[in-house]
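The file run-v1.txt contains compact mmCIF, C-alpha atoms:
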```txt
# COMPACT_ATOMS: atom_id res chain seq x y z
CA MET Z 1 -10.24 -37.39 32.07
CA GLN Z 2 -7.00 -35.64 32.92
CA ARG Z 3 -5.77 -33.10 30.37
CA THR Z 4 -2.12 -33.07 29.33
CA ARG Z 5 -0.49 -29.81 30.30
CA VAL Z 6 1.38 -28.13 27.46
CA VAL Z 7 4.87 -27.04 28.54
CA ARG Z 8 5.47 -23.62 26.96
CA ARG Z 9 8.85 -22.45 25.71
CA PRO Z 10 10.34 -19.26 24.29
CA VAL Z 11 9.81 -19.00 20.54
CA HIS Z 12 10.99 -15.84 18.75
CA GLY Z 13 10.07 -15.10 15.15
CA VAL Z 14 7.31 -14.99 12.54
CA VAL Z 15 5.12 -17.68 11.00
CA LEU Z 16 3.43 -16.70 7.73
CA LEU Z 17 0.11 -18.51 7.96
CA ASP Z 18 -2.40 -19.04 5.16
CA LYS Z 19 -5.44 -18.50 7.39
CA PRO Z 20 -8.22 -20.98 6.66
CA LEU Z 21 -11.86 -20.16 6.05
CA GLY Z 22 -14.08 -20.00 9.12
CA LEU Z 23 -11.49 -19.23 11.80
CA SER Z 24 -11.02 -15.80 13.36
CA SER Z 25 -7.48 -14.43 13.31
CA ASN Z 26 -7.20 -15.02 17.05
CA GLN Z 27 -8.41 -18.62 16.78
CA ALA Z 28 -5.78 -19.27 14.09
CA LEU Z 29 -3.12 -17.62 16.26
CA GLN Z 30 -4.02 -19.71 19.31
CA LYS Z 31 -3.88 -22.95 17.31
CA VAL Z 32 -0.40 -22.18 15.95
CA LYS Z 33 0.75 -20.98 19.38
CA TRP Z 34 -0.36 -24.33 20.82
CA LEU Z 35 1.34 -26.31 18.02
CA LEU Z 36 4.63 -24.46 18.67
CA ARG Z 37 4.18 -24.52 22.48
CA ALA Z 38 5.08 -20.82 22.34
CA GLU Z 39 4.95 -18.58 25.42
CA LYS Z 40 3.95 -15.30 23.79
CA ALA Z 41 2.17 -14.55 20.52
CA GLY Z 42 0.32 -11.87 18.58
CA HIS Z 43 -0.83 -11.15 15.02
CA THR Z 44 -0.41 -8.19 12.70
CA GLY Z 45 -4.02 -7.22 12.15
CA THR Z 46 -7.18 -9.24 11.75
CA LEU Z 47 -8.74 -11.10 8.86
CA ASP Z 48 -12.49 -11.79 8.91
CA PRO Z 49 -13.49 -15.43 9.61
CA LEU Z 50 -14.82 -15.61 6.02
CA ALA Z 51 -11.49 -14.39 4.64
CA THR Z 52 -8.45 -16.56 3.90
CA GLY Z 53 -4.83 -15.79 3.15
CA VAL Z 54 -1.72 -14.10 4.46
CA LEU Z 55 -1.69 -13.67 8.24
CA PRO Z 56 1.76 -13.01 9.77
CA LEU Z 57 1.86 -14.43 13.31
CA CYS Z 58 4.46 -13.00 15.69
CA PHE Z 59 6.04 -14.92 18.56
CA GLY Z 60 8.16 -13.73 21.47
CA ALA Z 61 10.38 -10.78 20.61
CA ALA Z 62 8.71 -10.44 17.19
CA THR Z 63 5.51 -9.15 18.86
CA LYS Z 64 7.40 -5.90 19.59
CA PHE Z 65 7.45 -5.10 15.87
CA SER Z 66 3.98 -6.32 14.83
CA GLN Z 67 2.68 -2.72 14.63
CA LEU Z 68 4.91 -2.13 11.60
CA HIS Z 69 2.77 -4.53 9.59
CA LEU Z 70 -0.53 -3.17 10.81
CA ASP Z 71 0.48 -0.10 8.78
CA ALA Z 72 1.54 -2.03 5.65
CA ASP Z 73 -0.30 -1.97 2.33
CA LYS Z 74 -2.43 -5.06 1.66
CA SER Z 75 -3.49 -6.91 -1.50
CA TYR Z 76 -6.68 -8.94 -1.89
CA GLU Z 77 -8.58 -11.02 -4.39
CA THR Z 78 -12.32 -10.75 -3.91
CA VAL Z 79 -15.58 -11.71 -5.58
CA VAL Z 80 -18.51 -9.28 -5.40
CA ARG Z 81 -21.91 -10.91 -5.96
CA LEU Z 82 -23.99 -8.27 -7.72
CA GLY Z 83 -27.73 -7.72 -7.28
CA ILE Z 84 -28.05 -8.75 -3.62
CA LYS Z 85 -27.32 -6.60 -0.57
CA THR Z 86 -26.82 -8.22 2.86
CA THR Z 87 -26.81 -7.02 6.47
CA THR Z 88 -23.05 -7.55 6.81
CA ALA Z 89 -21.94 -6.75 3.22
CA ASP Z 90 -20.71 -10.35 2.92
CA ALA Z 91 -22.13 -13.87 2.64
CA GLU Z 92 -22.45 -14.21 6.42
CA GLY Z 93 -25.35 -11.76 6.58
CA ASP Z 94 -29.01 -12.00 5.62
CA ALA Z 95 -30.20 -10.69 2.27
CA ILE Z 96 -32.02 -7.40 2.73
CA GLU Z 97 -32.45 -6.18 -0.86
CA THR Z 98 -32.48 -7.70 -4.34
CA ARG Z 99 -32.20 -5.67 -7.56
CA PRO Z 100 -31.70 -6.55 -11.23
CA VAL Z 101 -28.20 -6.25 -12.69
CA THR Z 102 -28.42 -4.13 -15.83
CA CYS Z 103 -24.93 -2.57 -16.04
CA THR Z 104 -22.62 -3.02 -19.02
CA PRO Z 105 -18.90 -3.89 -18.99
CA GLY Z 106 -18.15 -0.29 -19.91
CA GLN Z 107 -20.11 0.99 -16.93
CA VAL Z 108 -18.23 -1.40 -14.61
CA VAL Z 109 -14.89 -0.07 -15.84
CA GLU Z 110 -16.05 3.52 -15.42
CA VAL Z 111 -17.33 2.88 -11.87
CA LEU Z 112 -14.15 1.11 -10.79
CA ASP Z 113 -12.12 4.09 -11.99
CA ARG Z 114 -14.04 6.25 -9.50
CA PHE Z 115 -12.77 4.15 -6.61
CA MET Z 116 -9.10 4.51 -7.52
CA GLY Z 117 -6.82 6.71 -5.40
CA GLU Z 118 -7.83 8.34 -2.13
CA ILE Z 119 -11.44 7.64 -1.19
CA GLU Z 120 -13.68 7.94 1.86
CA GLN Z 121 -15.22 4.90 3.53
CA ILE Z 122 -17.74 4.60 6.33
CA PRO Z 123 -16.61 1.58 8.42
CA PRO Z 124 -19.17 -1.27 8.48
CA MET Z 125 -21.20 -1.93 11.63
CA HIS Z 126 -19.92 -5.51 11.58
CA SER Z 127 -16.30 -4.58 12.33
CA ALA Z 128 -13.95 -4.56 15.32
CA LEU Z 129 -13.60 -0.77 15.22
CA LYS Z 130 -14.58 0.66 18.60
CA LYS Z 131 -16.97 3.46 19.54
CA ASP Z 132 -17.02 4.52 23.20
CA GLY Z 133 -14.82 1.54 24.02
CA LYS Z 134 -17.23 -0.99 22.50
CA PRO Z 135 -16.66 -2.85 19.18
CA LEU Z 136 -19.12 -1.90 16.45
CA TYR Z 137 -20.10 -5.54 15.90
CA GLU Z 138 -21.49 -5.65 19.46
CA TYR Z 139 -23.83 -2.75 18.66
CA ALA Z 140 -24.79 -4.53 15.43
CA ARG Z 141 -25.62 -7.76 17.27
CA GLU Z 142 -27.93 -5.75 19.53
CA GLY Z 143 -29.70 -4.40 16.44
CA GLU Z 144 -28.29 -0.91 16.95
CA THR Z 145 -26.70 1.26 14.28
CA VAL Z 146 -24.39 4.02 15.51
CA GLU Z 147 -22.94 6.96 13.63
CA ARG Z 148 -19.46 6.33 12.20
CA ALA Z 149 -17.11 8.96 10.83
CA ALA Z 150 -15.86 8.44 7.29
CA ARG Z 151 -12.20 7.44 6.99
CA ARG Z 152 -9.81 8.26 4.17
CA VAL Z 153 -8.08 5.26 2.62
CA THR Z 154 -6.15 4.75 -0.61
CA ILE Z 155 -6.88 2.22 -3.36
CA HIS Z 156 -3.59 1.80 -5.25
CA ASP Z 157 -4.80 -0.83 -7.75
CA LEU Z 158 -8.28 -2.10 -8.64
CA ASP Z 159 -8.16 -4.65 -11.45
CA ILE Z 160 -10.88 -6.84 -12.98
CA LEU Z 161 -9.87 -10.52 -12.99
CA ASP Z 162 -13.25 -11.76 -14.22
CA MET Z 163 -16.65 -10.24 -15.00
CA GLN Z 164 -19.96 -12.14 -15.23
CA LEU Z 165 -22.90 -9.76 -15.69
CA ASP Z 166 -25.42 -12.33 -16.98
CA GLY Z 167 -26.88 -15.52 -15.55
CA ASP Z 168 -28.20 -16.43 -12.12
CA ALA Z 169 -25.19 -15.17 -10.14
CA PRO Z 170 -23.67 -12.03 -11.73
CA SER Z 171 -20.35 -11.13 -10.14
CA LEU Z 172 -17.05 -9.30 -10.38
CA ARG Z 173 -13.74 -10.91 -9.44
CA LEU Z 174 -11.31 -8.15 -8.46
CA HIS Z 175 -7.71 -7.66 -7.36
CA VAL Z 176 -7.32 -4.81 -4.86
CA ARG Z 177 -4.11 -3.27 -3.50
CA CYS Z 178 -4.89 -0.77 -0.77
CA SER Z 179 -3.68 1.13 2.27
CA LYS Z 180 -4.16 0.04 5.87
CA GLY Z 181 -7.65 0.45 7.27
CA THR Z 182 -9.45 -0.33 4.00
CA TYR Z 183 -12.61 -2.41 4.38
CA ILE Z 184 -12.97 -4.59 1.29
CA ARG Z 185 -16.55 -5.48 2.29
CA THR Z 186 -17.44 -1.80 2.24
CA LEU Z 187 -15.60 -1.33 -1.08
CA GLY Z 188 -17.58 -4.19 -2.65
CA GLU Z 189 -20.86 -2.87 -1.31
CA ASP Z 190 -20.09 0.67 -2.50
CA ILE Z 191 -19.18 -0.60 -5.97
CA GLY Z 192 -22.50 -2.45 -6.12
CA GLU Z 193 -24.37 0.71 -5.12
CA ALA Z 194 -22.51 2.78 -7.72
CA LEU Z 195 -23.57 0.22 -10.37
CA GLY Z 196 -27.19 0.62 -9.27
CA CYS Z 197 -27.74 -3.01 -8.32
CA GLY Z 198 -26.14 -3.43 -4.89
CA GLY Z 199 -23.78 -6.24 -3.98
CA HIS Z 200 -21.94 -8.17 -1.29
CA LEU Z 201 -18.69 -10.13 -0.96
CA ILE Z 202 -18.83 -13.90 -1.41
CA LEU Z 203 -15.05 -14.43 -1.36
CA LEU Z 204 -12.14 -12.57 0.18
CA ARG Z 205 -8.53 -13.70 0.11
CA ARG Z 206 -5.55 -11.64 1.24
CA VAL Z 207 -2.72 -12.42 -1.15
CA ALA Z 208 -0.09 -10.04 0.30
CA THR Z 209 0.65 -7.81 3.25
CA GLY Z 210 3.74 -5.61 3.11
CA PRO Z 211 6.61 -7.76 1.74
CA PHE Z 212 4.87 -11.09 2.48
CA ASN Z 213 2.75 -13.00 -0.05
CA ALA Z 214 0.60 -16.13 -0.12
CA GLU Z 215 3.29 -18.26 -1.79
CA GLN Z 216 5.45 -17.91 1.35
CA CYS Z 217 2.70 -19.11 3.69
CA VAL Z 218 2.13 -22.46 5.39
CA THR Z 219 -1.36 -23.85 6.00
CA LEU Z 220 -2.69 -24.85 9.39
CA GLU Z 221 -3.36 -28.32 8.00
CA ALA Z 222 0.31 -28.70 7.01
CA LEU Z 223 1.52 -27.53 10.43
CA GLU Z 224 -0.75 -30.00 12.20
CA ALA Z 225 0.68 -32.88 10.14
CA GLU Z 226 4.32 -32.02 10.88
CA THR Z 227 6.70 -32.95 13.67
CA GLU Z 228 7.69 -30.32 16.23
CA SER Z 229 11.07 -29.68 14.61
CA GLN Z 230 9.42 -29.29 11.18
CA ARG Z 231 6.99 -26.75 12.62
CA LEU Z 232 9.83 -24.73 14.14
CA ALA Z 233 11.47 -24.58 10.70
CA HIS Z 234 8.57 -22.32 9.61
CA VAL Z 235 9.49 -19.72 12.25
CA LEU Z 236 11.27 -16.94 10.35
CA PRO Z 237 13.81 -14.77 12.22
CA VAL Z 238 12.64 -11.55 13.90
CA PRO Z 239 14.60 -9.19 11.58
CA ILE Z 240 12.32 -10.21 8.70
CA LEU Z 241 9.81 -7.73 10.17
CA LEU Z 242 12.35 -4.93 9.71
CA GLN Z 243 12.89 -5.36 5.98
CA GLY Z 244 13.50 -1.98 4.39
CA HIS Z 245 14.99 -0.55 7.59
CA THR Z 246 18.49 0.94 7.45
CA ARG Z 247 20.96 -1.33 9.23
CA VAL Z 248 23.24 0.06 11.95
CA THR Z 249 25.80 -2.18 13.69
CA LEU Z 250 27.21 -1.17 17.08
CA ASP Z 251 30.27 -2.35 18.99
CA GLU Z 252 29.92 -4.05 22.37
CA GLU Z 253 30.15 -0.90 24.50
CA ASN Z 254 27.63 1.06 22.42
CA ALA Z 255 25.37 -1.99 22.12
CA ALA Z 256 25.18 -2.26 25.93
CA ARG Z 257 24.26 1.42 26.28
CA PHE Z 258 21.73 1.22 23.44
CA LEU Z 259 20.04 -1.79 25.10
CA SER Z 260 19.76 0.32 28.26
CA GLY Z 261 17.79 2.91 26.26
CA VAL Z 262 20.65 5.42 25.99
CA ARG Z 263 21.01 7.44 22.77
CA ARG Z 264 24.28 7.03 20.85
CA ARG Z 265 26.07 9.68 18.79
CA GLY Z 266 27.45 9.07 15.31
CA ASP Z 267 27.55 10.35 11.74
CA TRP Z 268 24.19 8.90 10.78
CA ALA Z 269 21.85 10.64 8.38
CA ASN Z 270 18.31 11.34 9.59
CA ASP Z 271 16.25 8.17 9.17
CA GLU Z 272 12.86 7.18 10.62
CA HIS Z 273 13.38 3.43 10.21
CA VAL Z 274 16.58 1.86 11.56
CA ALA Z 275 17.32 -1.74 12.60
CA VAL Z 276 20.14 -1.94 15.14
CA PHE Z 277 22.47 -4.94 15.39
CA GLY Z 278 25.43 -5.69 17.60
CA PRO Z 279 26.86 -8.08 20.19
CA LEU Z 280 25.05 -9.03 23.35
CA PRO Z 281 27.31 -7.69 26.12
CA HIS Z 282 29.72 -10.33 27.44
CA SER Z 283 28.69 -12.77 24.72
CA ASP Z 284 31.40 -14.78 22.97
CA THR Z 285 29.19 -16.28 20.28
CA GLU Z 286 30.39 -16.05 16.69
CA LYS Z 287 26.97 -14.71 15.66
CA LYS Z 288 27.08 -11.71 17.94
CA ASP Z 289 27.54 -9.05 15.22
CA THR Z 290 24.37 -10.21 13.46
CA THR Z 291 22.19 -10.09 16.57
CA LEU Z 292 19.17 -7.78 16.37
CA LEU Z 293 19.06 -5.40 19.34
CA GLY Z 294 15.98 -3.43 18.38
CA SER Z 295 14.57 -0.63 16.25
CA ALA Z 296 15.49 3.06 16.35
CA HIS Z 297 15.47 6.28 14.39
CA THR Z 298 18.29 8.71 13.74
CA ALA Z 299 18.04 12.49 14.04
CA GLY Z 300 20.70 15.17 14.45
CA GLY Z 301 23.50 12.60 14.55
CA GLU Z 302 21.85 10.61 17.33
CA LEU Z 303 20.66 7.01 17.32
CA ILE Z 304 17.43 7.08 19.35
CA PRO Z 305 16.15 3.72 20.69
CA GLY Z 306 12.66 2.53 19.75
CA ARG Z 307 11.48 -1.00 20.54
CA LEU Z 308 14.28 -2.96 22.24
CA LEU Z 309 14.85 -6.66 22.75
CA SER Z 310 15.76 -7.73 26.26
CA PRO Z 311 19.13 -9.43 26.91
CA ILE Z 312 17.19 -12.59 27.84
CA GLU Z 313 15.32 -12.56 24.50
CA ILE Z 314 18.58 -12.04 22.60
CA GLN Z 315 20.25 -14.89 24.46
CA GLN Z 316 17.32 -17.21 23.75
CA ILE Z 317 17.44 -16.30 20.05
CA LEU Z 318 21.18 -17.01 19.92
CA GLU Z 319 20.72 -20.36 21.64
CA THR Z 320 17.94 -21.54 19.34
CA SER Z 321 19.00 -20.13 15.97
CA PRO Z 322 20.74 -22.52 13.58
```
What does this structure look like when you write it as structure tokens?
Amino acid sequence: MQRTRVVRRPVHGVVLLDKPLGLSSNQALQKVKWLLRAEKAGHTGTLDPLATGVLPLCFGAATKFSQLHLDADKSYETVVRLGIKTTTADAEGDAIETRPVTCTPGQVVEVLDRFMGEIEQIPPMHSALKKDGKPLYEYAREGETVERAARRVTIHDLDILDMQLDGDAPSLRLHVRCSKGTYIRTLGEDIGEALGCGGHLILLRRVATGPFNAEQCVTLEALEAETESQRLAHVLPVPILLQGHTRVTLDEENAARFLSGVRRRGDWANDEHVAVFGPLPHSDTEKKDTTLLGSAHTAGGELIPGRLLSPIEIQQILETSP
């Protein structure tokens, strides 16, 4: 049977996906890339297959700024099943230890307080973090445990949404807002250990990353049911990744030099995060002053280029934007 060849096209922007349960971040990305027929795509950090929620997917020129959201704070809702420890610290692993749950609500509150602020975590063996160029999960699959250095992360908020300490399945439902690099599986396991009973995650949902939240997201199921033009309507413009950046607008001559990687002089205050707009050289479009050229920082009265869009990418954006 002959397969239909998908004709790719340039797509530039961001799709906020509500990642479904069971798919890896890359599997979700590839499905949306196929639905959009996009040429180039990337995501802004992984979610475990057993996690759902906010996964910003970047297409075309937007991939140049995906790193900004790797560094963003994240928010999660999670359920920690108390009394059972597993090999992976979540429901995917095998149970390796069972203990009675004897803690009181007061003890739970006191333990959670200990995990607020800056803490140290040892990354789990079942993670994509690399040691000697090899992901930790590959060592784990081979039955090998390697030494991992503790990492400092910050827990900004740790709130109890529900607490069930009795019955057949004692658990804590928590809301966590944390810095980049935080492993919620490790947090749940460490909380269980601190309570004396052990624990593992049975639910993990990312409800926000940086300025994006779950209410803004589209599901894969919805995208699959839509027409091609409806799907494209979910592609948000590239500048949405530069929210919070100071805006600088250049004239045509300075825009051309900036796009060539040349620093520009001006009366700008020092700023680490700048979004630069201006006309594409020799463009007569009415939208030219609102065209994103790239990111930069300013120091000593100079505008110093960072990640730049190519003239071809800018032209494609202008031709496809409403």
Would you compute the box with edges along x, y and z of the file around segment 269-273 of chain Z, including every atom the file lists for it and 4 Å extra on each side, and give its centre and edge lengths in Å to one decimal, as lines of an AutoDock Vina configuration file?
```
center_x = 17.4
center_y = 7.4
center_z = 9.5
size_x = 17.0
size_y = 15.9
size_z = 10.2
```
Starting from the point (-6.5, -7.5, -9.1), work out which residues of protein, DNA or RNA have an atom no more than 10 Å away when counting only C-alpha atoms; state them as a list of chain:residue names.
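In the file's frame, the residues around the point are Z:Ser75, Z:Tyr76, Z:Glu77, Z:Thr78, Z:Asp157, Z:Leu158, Z:Asp159, Z:Ile160, Z:Leu161, Z:Asp162, Z:Arg173, Z:Leu174, Z:His175, Z:Val176, Z:Arg177.
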Which neighbours of segment 16-31 of chain Z fall inside 10 Å, counting only C-alpha atoms, when residues of the same chain fewer than 5 positions from it are skipped, and could you give them as a PyMOL selection string?
chain Z and resi 36-38+41-59+203-207+212-221+223-224+234-236
Z:Ile122, Z:Leu232, Z:Leu201, Z:Leu259: which is nearest Leu172 of chain Z, counting all atoms listed in the file?
Z:Leu201
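Across the model, the gap from atom CA of Gly278 of chain Z to atom CA of Ala255 of chain Z is 5.8 Å.
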